[in-house]
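Working notes for the structure below.
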Amino acid sequence: MNAATSTLSARPRHASGLDRWAIGLSGLCVVHCVTSSVLIALMSTAGGLLAAPIIHEVGLVVAILLGVVALGRGFLRHRRVLPVLVGVAGLGTMGWAMTLPHDASGGEALWTIVGVVLLAMGHLLNERAARLAPVTTTP
């Protein structure tokens with residue numbers, strides 16, 4: 001076992017687990033937004049159920065909580081600010097999108113998807129930075 005292998009194997013698995021959960025949640029959000037937009041265009045009744053404001057509000061709260069914990073822990077570990085900035089830009093875009101009209105124009109869904117993609121990119125950058133960060137051990 002060489003030094004690089006032992007350094008990688010010494011990393012706790014949970015360090016990137018939150019980022020993976022957050023990336024998965026981002027993917028689910030994109031699927032939700034696209035599905036909602038299609039359903040609104042095709043069937044206003046079913047689309048109205050999926051497009052309920054509470055789903056977006058709860059989703060944003062979960063995204064913020066996961067983002068703060070995962071990006072914050074990552075920053076404390078690797079001290080790189082870019083993942084945090086990209087993630088915060090995504091969360092801000094998602095929050096701003098919730099202020100837009102929730103109608104057939106698609107503006108709210110489009111900006112939510114942009115925010116979700118930015119947030120997922122932030123988590124991806126965070127995971128990569130944590131993976132490449134030197135492992136520090138305390139005696």
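Chain labels run A, B, ... following the order of the structure tokens; each chain numbers its residues from 1, and ligands are numbered from 1 in the order shown.
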Contacts of Leu28 (chain A) at 12 Å (only C-alpha atoms; same-chain gap of 5+ positions) as a VMD selection string: chain A and resid 21 to 23 33 to 36 59 63 113 116 to 117 120
For the residues in the current selection, export N, CA, C and O atoms as a short mmCIF file (atom, residue, chain, number, x, y, z; two decimals), in the first residue's frame.
data_model
loop_
_atom_site.label_atom_id
_atom_site.label_comp_id
_atom_site.auth_asym_id
_atom_site.auth_seq_id
_atom_site.Cartn_x
_atom_site.Cartn_y
_atom_site.Cartn_z
N TRP A 21 -25.84 12.90 -1.39
CA TRP A 21 -27.27 13.05 -1.13
C TRP A 21 -27.79 14.35 -1.73
O TRP A 21 -28.87 14.39 -2.33
N ALA A 22 -27.02 15.43 -1.57
CA ALA A 22 -27.45 16.72 -2.09
C ALA A 22 -27.50 16.72 -3.61
O ALA A 22 -28.41 17.29 -4.22
N ILE A 23 -26.53 16.07 -4.25
CA ILE A 23 -26.54 15.96 -5.72
C ILE A 23 -27.75 15.15 -6.16
O ILE A 23 -28.45 15.50 -7.11
N CYS A 33 -39.25 19.51 -11.47
CA CYS A 33 -39.56 20.73 -12.22
C CYS A 33 -39.98 20.43 -13.66
O CYS A 33 -40.95 20.99 -14.16
N VAL A 34 -39.24 19.53 -14.30
CA VAL A 34 -39.58 19.18 -15.68
C VAL A 34 -40.93 18.48 -15.72
O VAL A 34 -41.80 18.81 -16.54
N THR A 35 -41.13 17.53 -14.80
CA THR A 35 -42.41 16.81 -14.75
C THR A 35 -43.57 17.75 -14.49
O THR A 35 -44.61 17.67 -15.14
N SER A 36 -43.38 18.67 -13.53
CA SER A 36 -44.44 19.62 -13.21
C SER A 36 -44.79 20.49 -14.41
O SER A 36 -45.96 20.71 -14.70
N GLY A 59 -38.91 21.68 -0.25
CA GLY A 59 -37.72 21.34 -1.02
C GLY A 59 -36.60 22.34 -0.84
O GLY A 59 -35.43 21.97 -0.69
N ALA A 63 -32.98 21.70 0.82
CA ALA A 63 -31.78 22.04 0.04
C ALA A 63 -30.88 22.98 0.84
O ALA A 63 -29.65 22.82 0.83
N ILE A 113 -34.50 25.34 -12.13
CA ILE A 113 -33.57 24.35 -12.69
C ILE A 113 -32.16 24.92 -12.76
O ILE A 113 -31.19 24.23 -12.42
N VAL A 116 -30.83 24.78 -9.26
CA VAL A 116 -30.55 23.40 -8.85
C VAL A 116 -29.25 22.91 -9.50
O VAL A 116 -28.44 22.24 -8.85
N VAL A 117 -29.05 23.23 -10.75
CA VAL A 117 -27.82 22.82 -11.43
C VAL A 117 -26.61 23.49 -10.78
O VAL A 117 -25.58 22.84 -10.54
N ALA A 120 -26.00 21.73 -7.45
CA ALA A 120 -25.38 20.42 -7.67
C ALA A 120 -23.91 20.57 -8.06
O ALA A 120 -23.06 19.79 -7.60
#
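Shortest atom-to-atom contact with Gly107 (chain A) among A:Gly17, A:Phe75, A:Ser37, A:Pro83: A:Ser37, counting only C-alpha atoms.
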Spatial neighbours of Thr112 (chain A), 12 Å, only C-alpha atoms, chain gap at least 3 places, as a PyMOL selection string: chain A and resi 26-27+29-34+36-37+56+59-60+89-100+102+106-109+115-119
Selected residues written out, N, CA, C and O atoms, as a short mmCIF file (atom, residue, chain, number, x, y, z; two decimals), in the first residue's frame:
data_model
loop_
_atom_site.label_atom_id
_atom_site.label_comp_id
_atom_site.auth_asym_id
_atom_site.auth_seq_id
_atom_site.Cartn_x
_atom_site.Cartn_y
_atom_site.Cartn_z
N SER A 26 -30.74 17.27 -5.88
CA SER A 26 -30.77 18.21 -7.00
C SER A 26 -31.33 17.55 -8.25
O SER A 26 -32.13 18.14 -8.97
N GLY A 27 -30.91 16.32 -8.49
CA GLY A 27 -31.44 15.58 -9.64
C GLY A 27 -32.94 15.36 -9.53
O GLY A 27 -33.68 15.53 -10.50
N CYS A 29 -34.98 17.24 -7.93
CA CYS A 29 -35.62 18.54 -8.12
C CYS A 29 -35.78 18.86 -9.61
O CYS A 29 -36.82 19.35 -10.04
N VAL A 30 -34.74 18.57 -10.39
CA VAL A 30 -34.84 18.80 -11.84
C VAL A 30 -35.95 17.94 -12.43
O VAL A 30 -36.76 18.42 -13.22
N VAL A 31 -36.00 16.67 -12.02
CA VAL A 31 -37.06 15.79 -12.52
C VAL A 31 -38.42 16.34 -12.12
O VAL A 31 -39.35 16.38 -12.94
N HIS A 32 -38.55 16.80 -10.88
CA HIS A 32 -39.81 17.38 -10.41
C HIS A 32 -40.20 18.60 -11.23
O HIS A 32 -41.36 18.73 -11.65
N CYS A 33 -39.25 19.51 -11.47
CA CYS A 33 -39.56 20.73 -12.22
C CYS A 33 -39.98 20.43 -13.66
O CYS A 33 -40.95 20.99 -14.16
N VAL A 34 -39.24 19.53 -14.30
CA VAL A 34 -39.58 19.18 -15.68
C VAL A 34 -40.93 18.48 -15.72
O VAL A 34 -41.80 18.81 -16.54
N SER A 36 -43.38 18.67 -13.53
CA SER A 36 -44.44 19.62 -13.21
C SER A 36 -44.79 20.49 -14.41
O SER A 36 -45.96 20.71 -14.70
N SER A 37 -43.76 20.98 -15.09
CA SER A 37 -44.01 21.84 -16.25
C SER A 37 -44.76 21.09 -17.34
O SER A 37 -45.71 21.62 -17.93
N HIS A 56 -42.42 23.11 -3.07
CA HIS A 56 -41.26 23.95 -3.35
C HIS A 56 -40.66 24.52 -2.07
O HIS A 56 -39.45 24.60 -1.93
N GLY A 59 -38.91 21.68 -0.25
CA GLY A 59 -37.72 21.34 -1.02
C GLY A 59 -36.60 22.34 -0.84
O GLY A 59 -35.43 21.97 -0.69
N LEU A 60 -36.95 23.63 -0.82
CA LEU A 60 -35.93 24.66 -0.64
C LEU A 60 -35.34 24.60 0.76
O LEU A 60 -34.13 24.72 0.93
N ALA A 89 -24.86 30.50 -4.74
CA ALA A 89 -25.49 31.09 -5.93
C ALA A 89 -26.68 30.24 -6.37
O ALA A 89 -27.73 30.77 -6.75
N GLY A 90 -26.53 28.92 -6.30
CA GLY A 90 -27.64 28.04 -6.66
C GLY A 90 -28.81 28.17 -5.71
O GLY A 90 -29.96 28.29 -6.13
N LEU A 91 -28.53 28.20 -4.40
CA LEU A 91 -29.60 28.35 -3.42
C LEU A 91 -30.30 29.70 -3.57
O LEU A 91 -31.53 29.79 -3.48
N GLY A 92 -29.52 30.75 -3.83
CA GLY A 92 -30.11 32.07 -4.04
C GLY A 92 -30.99 32.12 -5.27
O GLY A 92 -32.08 32.71 -5.25
N THR A 93 -30.54 31.47 -6.33
CA THR A 93 -31.33 31.43 -7.56
C THR A 93 -32.62 30.64 -7.34
O THR A 93 -33.69 31.05 -7.80
N MET A 94 -32.53 29.54 -6.59
CA MET A 94 -33.73 28.76 -6.29
C MET A 94 -34.71 29.58 -5.45
O MET A 94 -35.92 29.56 -5.70
N GLY A 95 -34.20 30.29 -4.45
CA GLY A 95 -35.06 31.12 -3.61
C GLY A 95 -35.70 32.24 -4.41
O GLY A 95 -36.90 32.52 -4.26
N TRP A 96 -34.92 32.88 -5.28
CA TRP A 96 -35.45 33.96 -6.11
C TRP A 96 -36.52 33.43 -7.06
O TRP A 96 -37.55 34.08 -7.28
N ALA A 97 -36.30 32.22 -7.60
CA ALA A 97 -37.27 31.64 -8.53
C ALA A 97 -38.63 31.45 -7.87
O ALA A 97 -39.66 31.55 -8.54
N MET A 98 -38.63 31.21 -6.57
CA MET A 98 -39.91 31.02 -5.87
C MET A 98 -40.73 32.31 -5.82
O MET A 98 -41.93 32.26 -5.58
N THR A 99 -40.10 33.45 -6.06
CA THR A 99 -40.84 34.72 -6.06
C THR A 99 -41.49 35.00 -7.42
O THR A 99 -42.30 35.91 -7.52
N LEU A 100 -41.12 34.24 -8.43
CA LEU A 100 -41.66 34.44 -9.77
C LEU A 100 -43.05 33.81 -9.88
O LEU A 100 -43.37 32.89 -9.13
N HIS A 102 -45.92 31.43 -10.71
CA HIS A 102 -45.95 29.99 -10.94
C HIS A 102 -47.03 29.70 -11.99
O HIS A 102 -48.12 29.26 -11.68
N GLY A 106 -43.31 29.31 -17.56
CA GLY A 106 -42.13 28.47 -17.37
C GLY A 106 -40.94 29.18 -16.77
O GLY A 106 -39.91 28.56 -16.55
N GLY A 107 -41.04 30.48 -16.50
CA GLY A 107 -39.92 31.22 -15.95
C GLY A 107 -39.48 30.71 -14.60
O GLY A 107 -38.29 30.55 -14.34
N GLU A 108 -40.44 30.43 -13.73
CA GLU A 108 -40.12 29.93 -12.40
C GLU A 108 -39.42 28.58 -12.49
O GLU A 108 -38.41 28.34 -11.83
N ALA A 109 -39.93 27.69 -13.31
CA ALA A 109 -39.32 26.36 -13.46
C ALA A 109 -37.93 26.47 -14.06
O ALA A 109 -36.99 25.79 -13.61
N GLY A 115 -30.90 27.16 -10.76
CA GLY A 115 -30.42 27.15 -9.39
C GLY A 115 -30.03 25.76 -8.91
O GLY A 115 -29.01 25.58 -8.25
N VAL A 116 -30.83 24.78 -9.26
CA VAL A 116 -30.55 23.40 -8.85
C VAL A 116 -29.25 22.91 -9.50
O VAL A 116 -28.44 22.24 -8.85
N VAL A 117 -29.05 23.23 -10.75
CA VAL A 117 -27.82 22.82 -11.43
C VAL A 117 -26.61 23.49 -10.78
O VAL A 117 -25.58 22.84 -10.54
N LEU A 118 -26.72 24.78 -10.46
CA LEU A 118 -25.62 25.46 -9.77
C LEU A 118 -25.34 24.82 -8.41
O LEU A 118 -24.18 24.61 -8.04
N LEU A 119 -26.39 24.52 -7.67
CA LEU A 119 -26.21 23.90 -6.36
C LEU A 119 -25.56 22.52 -6.49
O LEU A 119 -24.63 22.19 -5.74
#
Shell of 12 Å around Leu76 (chain A), only C-alpha atoms, local chain residues under 4 positions omitted, as a PyMOL selection string: chain A and resi 15+68-72+80-81+83-84+126+129-130+133
DSSP-assigned helix (DSSP H, G or I) among region 29-127 of chain A, expressed as a ChimeraX atom specification: /A:29-42,44-50,53-78,82-97,107-127
Counting only C-alpha atoms, the option among A:Ile54, A:Leu124, A:Leu39, A:Val135 closest to Leu18 (chain A):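 Answer, going by the shortest atom-to-atom distance: A:Leu124.
Counting only C-alpha atoms and comparing A:Met121, A:Ile40, A:Ile55, A:Leu132, the residue that lies closest to Ser105 (chain A) is A:Ile40.
You can rank A:Val114, A:Gly67, A:Glu57, A:Gly74 by their closest distance to Arg131 (chain A) using only C-alpha atoms, and at the top of that list sits A:Gly74.
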Point-to-point distance in Å for CA of His123 (chain A) and CA of Val86 (chain A): 8.5 Å
